[in-house]
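Here's the structure we're looking at; comments come further down.
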Amino acid sequence: MSNTSTIYGRNPVIEAIENDQKIEKVFLQSTMHGDFEVQVRNACKDRDIPLTKVPFRKLNDLSRGKNHQGIVAFISPVDYTNVSDLIPLLFDQGKTPLLLVLDGITDVRNMGAIARSAKVFGAHGIVIPAKGTARISDEMVKASAGAILEIPICRENSLPVALESMQMQGLKVFATDVKSDKTIAECKFNEPTAIIMGSEDLGVSKKSLQICDDTFKIPQVDEFDSLNVSVATGIVLYEVLLQRIDV
């Protein structure tokens, strides 16, 4: 059984996965074991679909009390791509890649607003981790005014691995960091670029900071509080656009 964004029940979910439907995430009952559990786990692993084990009560909530048989899946409104495939395509099109990497952004409205800014200011793609990020849903599509449907989304199992792949393919990786000694205006974004934006509470993860080539901060008149991440992303992308217009 299903509605427009949710599938529940053993046969419908496994058929959707094996038929390569656009699956956002699969939730499996935490106490489930046996052949079906192995089948689902392997099918999700083969297709890089995030799988989370949750209590029975959570599945009831996700399926709104329907007969879920211990499994629920969400349909994604977007087609995911791989960053290692996207970058060569951008170069072939004569573009100077600009990728936005979202590290730990879990608020749906922030993600939607970020996608809107990415579209408006000319980012060529958004890179997100398979886990620890907001689910791309109809609500996010609405928050982005549809922009998230018009920009490539790369879902990667490991952000550190994806960042290293970007570097190997010629991108310079920047990260926002309030502790940086360099302001955004001191950075040059005219070359192939990836910019990491972190969550408001934790910032960019230590692993990502260790990999990045450079960091910068957005100057403020006082130390009131950090900017909302969607606002900060808009400021960063606007600066990149200004620099690239002047080329």
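Ligands are numbered from 1 in the order shown, residues from 1 within each chain, and chains are lettered A, B, ... in the order they appear in the structure tokens.
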
Sel. of alpha helix (DSSP H) residues, region 67-225 of chain A, as number ranges by chain: A: 83-92, 108-121, 138-143, 159-168, 206-211

Please identify all polymer residues within 9 Å of region 105-108 of chain A, counting only C-alpha atoms, omitting same-chain residues fewer than 2 positions from it, and present them as a PyMOL selection string. chain A and resi 102-103+110-113+128+132-137+139-140+143+197-200+229

Non-local contacts of Gln169 (chain A) (12 Å; only C-alpha atoms; under 4 positions in same chain excluded) as number ranges by chain: A: 83-91, 97, 162-165, 173, 192-194

Find the residues around region 149-161 of chain A up to 6 Å (only C-alpha atoms counted), leave out those fewer than 6 positions away in its own chain, and share them as number ranges by chain. A: 80-83, 125-130, 208

How would the residues just chosen look if you wrote them out with C-alpha atoms as a short mmCIF file (atom, residue, chain, number, x, y, z; two decimals), in the first residue's frame?
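Output file part20.cif is given in full below:
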```cif
data_model
loop_
_atom_site.label_atom_id
_atom_site.label_comp_id
_atom_site.auth_asym_id
_atom_site.auth_seq_id
_atom_site.Cartn_x
_atom_site.Cartn_y
_atom_site.Cartn_z
CA TYR A 80 19.98 11.67 -7.12
CA THR A 81 23.26 11.80 -9.00
CA ASN A 82 26.84 11.02 -8.04
CA VAL A 83 29.31 13.85 -7.56
CA GLY A 125 24.83 21.09 -7.55
CA ILE A 126 24.17 20.34 -3.89
CA VAL A 127 26.01 17.52 -2.11
CA ILE A 128 24.45 15.93 0.98
CA PRO A 129 25.31 12.91 3.14
CA ALA A 130 23.10 9.83 3.02
CA SER A 208 35.45 17.90 6.68
#
```

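Taking CA of Cys187 (chain A) and CA of Phe216 (chain A) as endpoints, the distance between them is 7.5 Å.
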
Can you work out the spacing between CA of Leu59 (chain A) and CA of Phe36 (chain A) in Å, to one decimal?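 Computed distance, CA of Leu59 (chain A) to CA of Phe36 (chain A), equals 16.7 Å.
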
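Of note, CA of Thr96 (chain A) and CA of Ala232 (chain A) are spaced 22.2 Å apart.
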
Mind checking DSSP for region 109-186 of chain A and telling me the strand (DSSP E) residues as a ChimeraX atom specification? /A:125-129,153-156,172-176

Generate the output file for the selected residues, N, CA and C atoms, as a CSV table (one decimal), in the first residue's frame.
```csv
chain,number,residue,atom,x,y,z
A,125,GLY,N,25.3,22.3,-8.2
A,125,GLY,CA,24.8,21.1,-7.6
A,125,GLY,C,24.9,21.2,-6.0
A,126,ILE,N,24.2,20.4,-5.3
A,126,ILE,CA,24.2,20.3,-3.9
A,126,ILE,C,24.6,18.9,-3.5
A,127,VAL,N,25.5,18.8,-2.6
A,127,VAL,CA,26.0,17.5,-2.1
A,127,VAL,C,25.6,17.3,-0.7
A,128,ILE,N,24.9,16.2,-0.4
A,128,ILE,CA,24.4,15.9,1.0
A,128,ILE,C,24.9,14.5,1.4
A,129,PRO,N,25.0,14.3,2.7
A,129,PRO,CA,25.3,12.9,3.1
A,129,PRO,C,24.1,12.0,3.1
A,153,ILE,N,21.2,17.0,-7.2
A,153,ILE,CA,21.4,16.7,-5.8
A,153,ILE,C,22.3,15.4,-5.8
A,154,CYS,N,23.4,15.5,-5.1
A,154,CYS,CA,24.3,14.3,-5.0
A,154,CYS,C,24.2,13.8,-3.6
A,155,ARG,N,23.7,12.6,-3.4
A,155,ARG,CA,23.7,12.0,-2.1
A,155,ARG,C,24.8,11.0,-1.9
A,156,GLU,N,25.7,11.3,-1.0
A,156,GLU,CA,27.0,10.5,-0.9
A,156,GLU,C,27.0,9.8,0.5
A,172,LYS,N,38.7,23.2,-5.7
A,172,LYS,CA,39.2,23.6,-4.4
A,172,LYS,C,38.1,23.6,-3.4
A,173,VAL,N,38.3,23.0,-2.2
A,173,VAL,CA,37.2,22.9,-1.2
A,173,VAL,C,37.4,23.9,-0.1
A,174,PHE,N,36.4,24.8,0.0
A,174,PHE,CA,36.4,25.7,1.1
A,174,PHE,C,35.4,25.3,2.2
A,175,ALA,N,35.5,25.8,3.4
A,175,ALA,CA,34.6,25.5,4.5
A,175,ALA,C,34.3,26.8,5.2
A,176,THR,N,33.1,27.0,5.6
A,176,THR,CA,32.8,28.1,6.5
A,176,THR,C,33.2,27.8,7.9
```

Close residues, Glu186 (chain A) itself excluded, 12 Å, only C-alpha atoms, min 3 positions apart in chain, as a VMD selection string: chain A and resid 180 to 183 189 214 to 219 239 to 240 243

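By chain and then residue number, the residues within 9 Å of region 19-26 of chain A are Val13, Val40, Cys44, Arg47, Ile49, Pro50, Leu51, Thr52, Lys53, Ile71, Val72, Ala73, Phe74, Ile75, Ser76, Pro77, Val78, Asp79, Tyr80, Ala130, Arg135, Ile136 and Ser137 of chain A, counting only C-alpha atoms and disregarding those fewer than 6 positions away in sequence.
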
Residues near region 54-56 of chain A, anyone? I mean within 6 Å using only C-alpha atoms, not counting same-chain ones fewer than 2 positions away, as a PyMOL selection string. chain A and resi 29-30+58-59

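Of the residues under consideration (A:Met168, A:Val101, A:Ala185, A:Leu202), A:Ala185 shows the shortest atom-to-atom contact distance to Tyr238 (chain A) when counting only C-alpha atoms.
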
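Take the candidates A:Gly170, A:Gly146, A:Gly34, A:Gly65 and check each one against Leu98 (chain A) using only C-alpha atoms; the shortest distance goes to A:Gly170.
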
Measuring between only C-alpha atoms, which one of A:Arg57, A:Ala118, A:Ile211, A:Gly9 shows the shortest distance to Val236 (chain A)?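 Among the listed residues, the smallest separation from Val236 (chain A) belongs to A:Ala118.
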